[in-house]
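S.K.: My file is coords36.txt. It has compact mmCIF, C-alpha atoms and all ligand atoms:
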# COMPACT_ATOMS: atom_id res chain seq x y z
CA MET A 271 0.00 0.00 0.00
CA ALA A 272 2.64 2.48 1.05
CA ILE A 273 4.56 3.59 -2.02
CA ASN A 274 8.23 4.40 -1.42
CA LYS A 275 7.82 4.71 2.33
CA ARG A 276 10.70 3.72 4.62
CA ASN A 277 10.66 2.74 8.24
CA LEU A 278 11.97 5.36 10.60
CA SER A 279 15.66 5.15 11.42
CA VAL A 280 16.78 4.28 14.95
CA GLU A 281 17.71 7.93 15.52
CA ASP A 282 14.34 9.17 14.37
CA LYS A 283 12.57 6.68 16.62
CA GLN A 284 14.69 7.96 19.50
CA ARG A 285 13.64 11.48 18.67
CA LEU A 286 10.01 10.46 18.96
CA ASP A 287 10.71 8.78 22.30
CA SER A 288 12.43 11.81 23.70
CA LEU A 289 9.69 14.09 22.39
CA LYS A 290 7.18 11.94 24.23
CA ASN A 291 9.19 12.17 27.45
CA ASN A 292 9.51 15.91 27.15
CA LEU A 293 5.80 16.33 26.52
CA GLU A 294 4.97 14.15 29.51
CA GLN A 295 7.18 16.20 31.79
CA ALA A 296 5.87 19.50 30.51
CA ARG A 297 2.27 18.31 30.78
CA ASP A 298 2.64 17.11 34.35
CA SER A 299 3.98 20.35 35.74
CA PHE A 300 1.89 23.22 34.58
CA LEU A 301 -0.49 25.27 36.66
CA GLY A 302 -0.46 28.53 34.75
CA TYR A 303 -2.59 27.80 31.69
CA PRO A 304 -6.28 26.90 31.54
CA VAL A 305 -5.90 23.56 29.82
CA SER A 306 -7.39 20.29 31.08
CA LYS A 307 -5.25 17.22 30.54
CA ASP A 308 -7.32 14.50 32.20
CA PHE A 309 -8.93 13.23 29.01
CA ASP A 310 -8.82 9.78 27.50
CA TYR A 311 -9.98 9.57 23.92
CA SER A 312 -8.37 6.21 23.18
CA GLU A 313 -11.74 4.77 22.12
CA LEU A 314 -11.58 7.20 19.22
CA THR A 315 -8.15 6.09 17.96
CA PRO A 316 -9.64 4.15 14.99
CA PHE A 317 -10.91 7.46 13.64
CA LEU A 318 -7.35 8.60 12.97
CA GLN A 319 -7.56 6.30 9.92
CA PHE A 320 -9.96 8.63 8.15
CA PRO A 321 -9.31 11.88 6.28
CA ILE A 322 -12.14 13.56 8.13
CA ASN A 323 -12.89 17.05 6.92
CA ASN A 324 -15.92 19.05 8.06
CA LEU A 325 -15.84 21.60 5.27
CA GLY A 326 -19.02 23.55 4.70
CA ASP A 327 -21.84 24.42 7.03
CA PRO A 328 -22.47 21.65 9.60
CA PHE A 329 -26.21 22.25 9.39
CA GLU A 330 -26.37 21.76 5.59
CA ASP A 331 -25.91 18.66 3.48
CA GLY A 332 -22.85 18.76 1.24
CA THR A 333 -21.25 16.58 -1.41
CA TRP A 334 -18.31 15.46 0.77
CA LYS A 335 -19.27 12.65 3.16
CA VAL A 336 -16.12 11.87 5.16
CA GLN A 337 -17.24 14.20 7.90
CA THR A 338 -18.63 14.38 11.44
CA HIS A 339 -21.29 17.06 10.91
CA ALA A 340 -23.88 15.10 12.88
CA MET A 341 -21.67 15.15 15.99
CA GLU A 342 -20.69 18.75 15.35
CA LYS A 343 -24.36 19.75 15.32
CA GLU A 344 -24.93 17.94 18.61
CA VAL A 345 -22.01 19.78 20.19
CA VAL A 346 -23.39 23.12 18.99
CA SER A 347 -26.89 22.23 20.22
CA PHE A 348 -25.54 21.17 23.62
CA PHE A 349 -23.93 24.55 24.19
CA ALA A 350 -26.81 26.48 22.61
CA LYS A 351 -29.11 24.90 25.19
CA LEU A 352 -26.65 25.49 28.05
CA PHE A 353 -26.42 29.14 26.95
CA ARG A 354 -30.22 29.47 26.74
CA ALA A 355 -30.46 30.24 23.02
CA GLN A 356 -33.87 30.30 21.32
CA PRO A 357 -34.45 26.64 20.36
CA LYS A 358 -35.47 27.71 16.84
CA ASP A 359 -32.90 30.44 16.36
CA PHE A 360 -29.40 29.18 17.00
CA TRP A 361 -26.50 28.15 14.83
CA GLY A 362 -22.77 27.58 15.21
CA TYR A 363 -19.81 25.42 14.39
CA VAL A 364 -16.68 23.95 15.95
CA THR A 365 -13.74 26.28 15.27
CA ASN A 366 -9.98 26.05 15.70
CA GLY A 367 -10.25 27.78 19.06
CA GLY A 368 -11.58 30.74 20.98
CA SER A 369 -9.67 33.17 18.76
CA GLU A 370 -11.45 32.04 15.59
CA SER A 371 -14.75 32.07 17.48
CA ASN A 372 -14.10 35.70 18.41
CA LEU A 373 -13.21 36.53 14.82
CA TYR A 374 -16.50 35.00 13.72
CA GLY A 375 -18.57 36.93 16.29
CA LEU A 376 -16.97 40.21 15.25
CA TYR A 377 -17.38 39.33 11.56
CA LEU A 378 -21.12 38.78 12.02
CA ALA A 379 -21.39 42.02 13.96
CA ARG A 380 -19.62 43.97 11.23
CA GLU A 381 -21.78 42.47 8.48
CA ILE A 382 -24.91 43.45 10.40
CA TYR A 383 -23.61 46.90 11.37
CA PRO A 384 -20.98 47.98 8.81
CA LYS A 385 -20.82 51.42 10.42
CA GLY A 386 -20.50 50.06 13.94
CA MET A 387 -17.95 50.88 16.60
CA VAL A 388 -16.41 48.13 18.77
CA TYR A 389 -16.03 48.63 22.52
CA TYR A 390 -13.81 46.29 24.50
CA SER A 391 -11.99 46.52 27.80
CA GLU A 392 -8.28 46.66 28.52
CA SER A 393 -8.42 43.13 29.92
CA THR A 394 -9.74 41.65 26.69
CA HIS A 395 -7.84 38.71 25.16
CA TYR A 396 -5.14 39.62 22.63
CA SER A 397 -7.01 37.83 19.83
CA VAL A 398 -9.69 40.52 19.87
CA ARG A 399 -7.38 43.42 19.00
CA LYS A 400 -5.93 41.41 16.13
CA ASN A 401 -9.38 40.41 14.89
CA ILE A 402 -10.59 44.01 14.97
CA HIS A 403 -7.52 44.94 12.96
CA LEU A 404 -8.18 42.15 10.44
CA LEU A 405 -11.77 43.25 10.04
CA ASN A 406 -10.82 46.92 9.96
CA ILE A 407 -13.57 48.07 12.36
CA PRO A 408 -13.19 51.30 14.36
CA SER A 409 -12.83 50.54 18.06
CA ILE A 410 -12.43 52.10 21.49
CA VAL A 411 -10.75 50.58 24.54
CA ILE A 412 -12.65 50.90 27.82
CA ARG A 413 -10.91 50.94 31.19
CA SER A 414 -10.95 47.86 33.40
CA GLN A 415 -11.61 47.84 37.11
CA GLU A 416 -8.94 46.56 39.47
CA ASN A 417 -10.52 43.06 39.45
CA GLY A 418 -10.32 42.89 35.64
CA GLU A 419 -14.01 43.56 34.96
CA ILE A 420 -15.01 46.27 32.47
CA ASP A 421 -15.51 49.74 34.02
CA TYR A 422 -19.22 50.28 33.39
CA GLU A 423 -19.01 54.00 34.06
CA ASP A 424 -16.25 54.49 31.52
CA PHE A 425 -18.26 52.40 29.06
CA GLU A 426 -21.36 54.53 29.61
CA ASN A 427 -19.47 57.81 29.17
CA THR A 428 -17.70 56.60 26.05
CA LEU A 429 -20.87 55.23 24.53
CA ARG A 430 -22.69 58.50 25.22
CA MET A 431 -20.22 60.36 23.03
CA ASN A 432 -20.72 57.89 20.18
CA ARG A 433 -24.37 57.08 20.54
CA HIS A 434 -25.13 57.95 16.92
CA LYS A 435 -23.14 54.87 15.85
CA PRO A 436 -24.21 51.23 16.17
CA ALA A 437 -22.48 49.69 19.18
CA ILE A 438 -20.65 46.37 18.96
CA VAL A 439 -19.64 45.36 22.47
CA LEU A 440 -17.09 42.65 23.08
CA THR A 441 -17.64 41.42 26.62
CA THR A 442 -15.40 38.89 28.32
CA PHE A 443 -16.64 36.07 30.51
CA GLY A 444 -13.44 35.04 32.23
CA THR A 445 -10.54 37.39 31.43
CA THR A 446 -7.20 35.81 30.73
CA MET A 447 -5.26 36.96 33.78
CA LYS A 448 -7.87 37.41 36.54
CA GLU A 449 -10.89 35.51 35.23
CA ALA A 450 -13.13 38.52 35.64
CA LYS A 451 -16.60 38.45 34.10
CA ASP A 452 -18.32 41.38 32.40
CA ASP A 453 -22.04 41.58 33.17
CA VAL A 454 -23.93 41.40 29.86
CA SER A 455 -27.24 42.55 31.41
CA ARG A 456 -25.60 45.65 32.79
CA ILE A 457 -24.06 46.45 29.40
CA LYS A 458 -27.46 45.99 27.81
CA THR A 459 -29.14 48.29 30.36
CA ILE A 460 -26.56 51.01 29.69
CA MET A 461 -27.27 50.80 25.97
CA ARG A 462 -31.00 50.91 26.57
CA ASN A 463 -30.71 53.94 28.85
CA LEU A 464 -28.75 55.79 26.18
CA ALA A 465 -31.29 54.70 23.55
CA VAL A 466 -28.64 53.01 21.39
CA GLN A 467 -30.92 50.78 19.37
CA ASP A 468 -28.46 49.26 16.93
CA HIS A 469 -26.26 47.05 19.03
CA TYR A 470 -24.57 43.68 19.04
CA ILE A 471 -22.96 41.91 22.00
CA HIS A 472 -20.35 39.24 21.41
CA CYS A 473 -19.41 37.44 24.60
CA ASP A 474 -15.91 35.98 24.69
CA ALA A 475 -16.48 33.10 27.10
CA ALA A 476 -13.47 31.09 25.92
CA LEU A 477 -12.29 30.42 29.44
CA SER A 478 -15.38 30.32 31.67
CA GLY A 479 -18.36 29.80 29.37
CA THR A 480 -18.40 26.04 29.74
CA TYR A 481 -19.12 26.30 33.48
CA GLY A 482 -20.82 29.73 33.53
CA ALA A 483 -24.26 28.17 33.96
CA PHE A 484 -23.19 26.57 37.25
CA MET A 485 -21.81 29.64 38.97
CA GLU A 486 -23.54 30.86 42.11
CA PRO A 487 -24.31 33.68 42.11
CA ARG A 488 -24.72 33.70 38.36
CA VAL A 489 -23.09 36.42 36.27
CA PRO A 490 -25.26 37.32 33.24
CA PHE A 491 -23.52 36.33 30.00
CA ASP A 492 -25.74 34.17 27.78
CA PHE A 493 -28.37 34.61 25.05
CA LYS A 494 -31.22 35.19 27.48
CA ASP A 495 -29.10 37.83 29.20
CA GLY A 496 -28.58 39.63 25.89
CA ALA A 497 -25.61 38.12 24.03
CA ASP A 498 -25.88 37.80 20.23
CA SER A 499 -22.98 35.35 19.93
CA ILE A 500 -20.77 33.45 22.36
CA SER A 501 -17.26 31.95 21.99
CA ILE A 502 -15.82 29.10 23.96
CA SER A 503 -12.59 27.12 23.78
CA GLY A 504 -12.91 23.33 23.68
CA HIS A 505 -9.38 22.45 24.77
CA LYS A 506 -9.55 24.45 27.99
CA PHE A 507 -12.15 23.21 30.47
CA VAL A 508 -13.33 20.14 28.54
CA GLY A 509 -9.89 19.17 27.23
CA SER A 510 -8.83 17.95 23.80
CA PRO A 511 -5.59 16.78 22.17
CA ILE A 512 -6.21 19.30 19.38
CA PRO A 513 -6.98 22.95 20.12
CA CYS A 514 -10.60 23.72 19.26
CA GLY A 515 -13.45 26.04 20.11
CA VAL A 516 -17.12 26.61 19.45
CA ILE A 517 -19.00 29.65 18.20
CA ILE A 518 -22.71 29.83 18.96
CA THR A 519 -24.87 32.51 17.43
CA LYS A 520 -28.41 33.16 16.24
CA ARG A 521 -29.40 31.47 13.02
CA GLY A 522 -30.78 34.73 11.70
CA ASN A 523 -27.31 36.29 12.00
CA ARG A 524 -25.74 33.51 9.98
CA ASP A 525 -28.39 33.77 7.27
CA ARG A 526 -27.26 37.30 6.57
CA ILE A 527 -23.78 36.17 5.53
CA SER A 528 -24.33 32.77 3.91
CA LYS A 529 -23.35 32.17 0.31
CA SER A 530 -24.05 28.97 -1.60
CA ILE A 531 -20.97 27.33 -3.16
CA SER A 532 -21.65 24.73 -5.83
CA TYR A 533 -18.15 23.14 -5.58
CA ILE A 534 -18.88 21.86 -2.05
CA GLY A 535 -22.66 21.64 -2.50
CA SER A 536 -23.09 23.53 0.75
CA LEU A 537 -23.15 27.00 2.24
CA ASP A 538 -19.86 28.76 2.86
CA THR A 539 -20.64 30.10 6.31
CA THR A 540 -17.40 29.28 8.16
CA ILE A 541 -14.08 31.16 8.25
CA THR A 542 -11.87 28.37 6.94
CA GLY A 543 -12.75 26.03 4.10
CA SER A 544 -11.44 22.64 5.16
CA ARG A 545 -12.19 22.19 8.83
CA ASN A 546 -11.02 19.79 11.51
CA GLY A 547 -13.52 16.96 11.78
CA HIS A 548 -11.79 15.14 14.63
CA SER A 549 -12.19 17.83 17.26
CA PRO A 550 -16.02 17.84 17.05
CA LEU A 551 -15.77 14.10 17.60
CA PHE A 552 -13.62 14.59 20.73
CA LEU A 553 -15.98 17.21 22.11
CA TRP A 554 -19.03 15.10 21.35
CA TYR A 555 -17.43 12.13 23.12
CA ALA A 556 -16.52 14.20 26.19
CA LEU A 557 -19.99 15.73 26.40
CA LYS A 558 -21.63 12.29 26.07
CA GLN A 559 -19.48 11.03 28.94
CA LEU A 560 -19.98 14.06 31.17
CA GLY A 561 -23.37 15.52 30.39
CA VAL A 562 -24.43 18.72 32.14
CA GLU A 563 -24.09 17.08 35.56
CA GLY A 564 -20.53 15.94 34.85
CA LEU A 565 -19.51 19.42 33.72
CA LYS A 566 -20.97 20.84 36.91
CA ALA A 567 -19.14 18.31 39.08
CA ARG A 568 -15.89 19.17 37.28
CA TYR A 569 -16.47 22.85 37.97
CA LEU A 570 -17.26 22.35 41.67
CA HIS A 571 -14.15 20.22 42.06
CA GLY A 572 -11.98 22.90 40.43
CA LEU A 573 -13.55 25.54 42.62
CA GLU A 574 -12.75 23.57 45.76
CA VAL A 575 -9.11 23.23 44.73
CA ALA A 576 -8.97 26.95 43.93
CA GLU A 577 -10.27 27.79 47.42
CA TYR A 578 -7.72 25.40 48.91
CA CYS A 579 -4.93 27.01 46.89
CA LYS A 580 -5.94 30.49 48.02
CA ALA A 581 -6.06 29.47 51.68
CA LYS A 582 -2.68 27.71 51.56
CA LEU A 583 -1.01 30.68 49.90
CA ASN A 584 -2.56 33.13 52.35
CA GLU A 585 -1.20 30.94 55.17
CA ILE A 586 2.37 31.52 54.01
CA GLY A 587 1.74 35.22 53.55
CA VAL A 588 1.21 35.32 49.78
CA GLU A 589 -1.53 37.72 48.74
CA ALA A 590 -3.63 35.34 46.68
CA TRP A 591 -7.19 36.21 45.67
CA SER A 592 -9.82 35.28 43.12
CA ASN A 593 -12.94 36.72 41.56
CA PRO A 594 -16.13 35.07 42.93
CA GLY A 595 -16.71 31.65 41.40
CA SER A 596 -13.39 31.66 39.51
CA LEU A 597 -10.93 28.81 39.05
CA THR A 598 -8.11 31.32 38.61
CA VAL A 599 -6.15 32.29 41.72
CA VAL A 600 -4.33 35.58 41.18
CA ILE A 601 -0.91 35.92 42.84
CA PRO A 602 1.99 38.36 42.70
CA SER A 603 4.60 37.36 40.11
CA THR A 604 6.90 34.63 41.41
CA PRO A 605 10.70 34.14 41.29
CA GLU A 606 11.96 32.88 37.95
CA GLN A 607 12.61 29.25 38.94
CA VAL A 608 9.02 28.81 40.20
CA LYS A 609 7.65 30.52 37.11
CA GLN A 610 9.65 28.20 34.84
CA LYS A 611 8.84 25.00 36.69
CA TRP A 612 5.08 25.56 36.84
CA GLN A 613 4.82 27.44 33.52
CA LEU A 614 3.16 30.47 35.07
CA ALA A 615 1.86 33.14 32.72
CA THR A 616 2.92 36.53 34.06
CA GLU A 617 1.86 40.07 33.18
CA GLY A 618 3.68 42.85 34.97
CA GLU A 619 3.40 42.21 38.71
CA THR A 620 0.63 39.66 38.35
CA SER A 621 0.64 35.94 37.82
CA HIS A 622 -1.93 33.19 38.35
CA ILE A 623 -2.66 29.54 39.03
CA ILE A 624 -5.57 28.05 37.12
CA CYS A 625 -7.28 25.21 38.94
CA MET A 626 -8.58 23.26 35.97
CA PRO A 627 -10.38 20.07 37.02
CA ASN A 628 -7.24 17.91 36.79
CA VAL A 629 -5.23 20.04 39.25
CA THR A 630 -4.85 18.22 42.56
CA LYS A 631 -4.35 19.44 46.12
CA GLU A 632 -1.02 17.56 46.13
CA GLN A 633 0.19 19.70 43.23
CA ILE A 634 -0.94 22.82 45.07
CA ASP A 635 1.00 21.66 48.17
CA GLU A 636 4.11 21.12 46.07
CA PHE A 637 3.73 24.52 44.46
CA VAL A 638 3.25 26.22 47.84
CA TYR A 639 6.33 24.40 49.14
CA ASP A 640 8.39 25.57 46.14
CA LEU A 641 7.26 29.13 46.67
CA GLU A 642 8.02 29.03 50.39
CA THR A 643 11.49 27.56 49.99
CA CYS A 644 12.74 29.23 46.82
CA GLU A 645 15.45 31.81 47.03
CA GLN A 646 14.07 35.29 46.66
CA PRO A 647 16.00 37.24 44.06
CA GLN A 648 18.15 39.99 45.53
CA GLU A 649 17.25 43.51 44.58
CA GLU A 650 19.98 44.80 42.35
CA ASP A 651 22.08 47.52 43.88
CA PHE A 652 22.52 50.45 41.61
CA GLU A 653 25.80 52.20 41.78
CA PHE A 654 25.78 55.73 40.52
CA GLU A 655 29.01 56.81 38.99
CA ILE A 656 29.41 60.49 39.31
C1 LIG A 701 -8.00 31.32 25.65
C2 LIG A 701 -8.80 32.53 25.39
C3 LIG A 701 -9.04 32.97 24.08
C4 LIG A 701 -8.42 32.34 22.89
O1 LIG A 701 -8.79 31.05 22.75
P1 LIG A 701 -7.88 30.04 21.91
O2 LIG A 701 -8.71 28.82 22.01
O3 LIG A 701 -6.55 29.98 22.57
O4 LIG A 701 -7.80 30.59 20.52
C5 LIG A 701 -9.84 34.09 23.90
N1 LIG A 701 -10.36 34.73 24.95
C6 LIG A 701 -10.15 34.35 26.21
C7 LIG A 701 -10.78 35.12 27.32
C8 LIG A 701 -9.36 33.23 26.47
O5 LIG A 701 -9.16 32.85 27.75
Take the structure from the file and write it as structure tokens.

M.R.:
Amino acid sequence: MAINKRNLSVEDKQRLDSLKNNLEQARDSFLGYPVSKDFDYSELTPFLQFPINNLGDPFEDGTWKVQTHAMEKEVVSFFAKLFRAQPKDFWGYVTNGGSESNLYGLYLAREIYPKGMVYYSESTHYSVRKNIHLLNIPSIVIRSQENGEIDYEDFENTLRMNRHKPAIVLTTFGTTMKEAKDDVSRIKTIMRNLAVQDHYIHCDAALSGTYGAFMEPRVPFDFKDGADSISISGHKFVGSPIPCGVIITKRGNRDRISKSISYIGSLDTTITGSRNGHSPLFLWYALKQLGVEGLKARYLHGLEVAEYCKAKLNEIGVEAWSNPGSLTVVIPSTPEQVKQKWQLATEGETSHIICMPNVTKEQIDEFVYDLETCEQPQEEDFEFEI
């Protein structure tokens, strides 16, 4: 079958072995990124034999049949229901990640309001700035509060000055550094009070959307609260060997941009042409195993570990805190060796631990021990030569 294919040389096999070892080590010691690693998709291994490609709109029949559109639709429906979309007015697809989902939300918004202005807060994910640049939409940055949430007063004042333009608001449900959540209902009320009728809210829920429905107290973020589209990442809370995400929007929004393409016998409604057909299968499998109850249990477990982490750090005098209901524990930036070992994302003076469901109390203990016993870097003495 294989034409002109050789077996790997001994050296090349060794390279694969050492790559595997390195990946194992790196996987087992990170606390700083919101990625679950407790998945087991081995039952799906046979599907690596197929050139699966989900090109075209998952909700339309196409000519190409080596696809997993049926599972993709179920994944979209699962989240549409969780996010309280109108049962007859939702649509979406599995993307390459939260960034593409954000691009899609902003793309829809621009097609609906070509003269719109985008508002987003300082704490917004870096993908949003890039996407706004790609789409060439005018935008304004709104201040963030100390906890990372959008400053509603600054938003209101800025919107007032631009109220003649349609407003496209990019809210974040779980900011990257502090896992703060912008309140979609409050944003909506501000727009209503200023009589801004043409508006679109895209909620970037890449990090926290998957467990947003289980938070108590709830922070408004979903379709019923006023969102027009919502992004989530699939490889974060659920976990997947391939990065992926989901975009959920209203069907009516999609209908405004769809074009029929005879070559694929489907509608060209997605950003990329060929699309990963394995990741919808992974997500479908995980959601079948977990269900809503399983997702909730995962969230509550993560929350318990986050509370434990905060308490342990406070005990040794580290000022650790978290936004209510968050799995992210915010800490001051740590010495370099701790940062390297635990792969801690750091921005200025701030760093964080993200208690994804696979993080254990033992790992937290080890981390706290490392922090307690590491050598603090000496302040550099400046010598002035005059
Ligand atoms: C992770 C993240 C993204 C980007 O998602 P990717 O899946 O990495 O593309 C966007 N927004 C927020 C808030 C995120 O946490």

S.K.: Give me, as a list in words, all polymer residues having an atom no more than 6 Å from segment 602-618 of chain A, counting all atoms listed in the file and skipping those fewer than 6 positions away in the same chain.

M.R.: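 Once the nearby chain positions are removed, what remains is Ser299, Phe300, Leu301 and Gly302 of chain A.
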
S.K.: Would you compute the distance between atom CA of Cys514 of chain A and atom CA of Asn366 of chain A? Give it in Å to one decimal.

M.R.: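 About the pair atom CA of Cys514 of chain A and atom CA of Asn366 of chain A: they are 4.3 Å apart.
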
S.K.: If I put a ball of radius 12 Å at (-11.3, 37.6, 20.3) in the file's coordinates, which residues poke into it when counting all atoms listed in the file, written as an MDAnalysis selection string?

M.R.: chainID A and resid 367:377 388 390:391 393:405 439:443 445:446 472:477 499:503 515 517

S.K.: Taking all atoms listed in the file into account, name the residue in A:Phe309, A:Ser544, A:Gln467, A:Gly418 that is nearest to Met447 of chain A.

M.R.: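 Distance minimum relative to Met447 of chain A lands on A:Gly418.
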
S.K.: With 5 Å of padding per side, what axis-aligned box (centre and edge lengths, Å, one decimal) covers all the listed atoms of ligand LIG 701 (chain A)? Give it as lines of an AutoDock Vina configuration file.

M.R.:
center_x = -8.7
center_y = 32.0
center_z = 24.1
size_x = 14.2
size_y = 16.3
size_z = 17.2

S.K.: Quick one: residues within 6 Å of segment 547-552 of chain A, only C-alpha atoms counted, chain neighbours fewer than 6 positions away excluded, as JSON, numbers by chain?

M.R.: {"A": [322, 323, 324, 338, 342]}

S.K.: Skipping near chain neighbours, those fewer than 5 positions away, what residues fall within 9 Å of segment 625-634 of chain A using all atoms listed in the file, listed as a count of residues only?

M.R.: 29

S.K.: In Å, with one decimal, what is the gap from atom CA of Arg433 of chain A to atom CA of Met387 of chain A?

M.R.: 9.8 Å

S.K.: Leaving out Tyr422 of chain A and any residue of its chain fewer than 4 positions from it, which residues lie within 8 Å of it when counting all atoms listed in the file, given as a ChimeraX atom specification?

M.R.: /A:426,456-457

S.K.: Separation of atom CA of Leu565 of chain A and atom CA of Ala355 of chain A, in Å?

M.R.: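 Going from atom CA of Leu565 of chain A over to atom CA of Ala355 of chain A, I get 18.7 Å.
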
S.K.: Nearest residue to ligand LIG 701 (chain A) out of A:Gly362, A:Gly444, A:Gly332, A:Gly326, using all atoms listed in the file?

M.R.: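 Using all atoms listed in the file, ligand LIG 701 (chain A) sits closest to A:Gly444.
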
S.K.: For Tyr481 of chain A, which residue among A:Lys275, A:Lys343, A:Lys351, A:Lys566 is the nearest when counting all atoms listed in the file?

M.R.: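 Under the stated criterion, the closest residue is A:Lys566.
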
S.K.: Tell me which protein, DNA and RNA residues are within 8 Å of Arg354 of chain A, counting only C-alpha atoms, leaving out same-chain ones fewer than 6 positions away, and put them as an mmCIF file with C-alpha atoms, keeping the file's coordinate frame.

M.R.:
data_model
loop_
_atom_site.group_PDB
_atom_site.id
_atom_site.type_symbol
_atom_site.label_atom_id
_atom_site.label_comp_id
_atom_site.auth_asym_id
_atom_site.auth_seq_id
_atom_site.Cartn_x
_atom_site.Cartn_y
_atom_site.Cartn_z
ATOM 1 C CA ASP A 492 -25.740 34.170 27.780
ATOM 2 C CA PHE A 493 -28.370 34.610 25.050
ATOM 3 C CA LYS A 494 -31.220 35.190 27.480
#

S.K.: Please determine, counting only C-alpha atoms and all ligand atoms, which residue among A:Thr540, A:Asn523, A:Ser478, A:Thr620 has the shortest atom-to-atom distance to ligand LIG 701 (chain A).

M.R.: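 Selected residue with least distance to ligand LIG 701 (chain A): A:Ser478.
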
S.K.: Between A:Arg521, A:His434, A:His622, A:Arg380, single out the one closest to Phe329 of chain A, counting all atoms listed in the file.

M.R.: A:Arg521

S.K.: For ligand LIG 701 (chain A), which of A:Leu560, A:Leu553, A:Ile460, A:Ile512 is the closest residue, counting only C-alpha atoms and all ligand atoms?

M.R.: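 Result for the nearest residue to ligand LIG 701 (chain A): A:Ile512.
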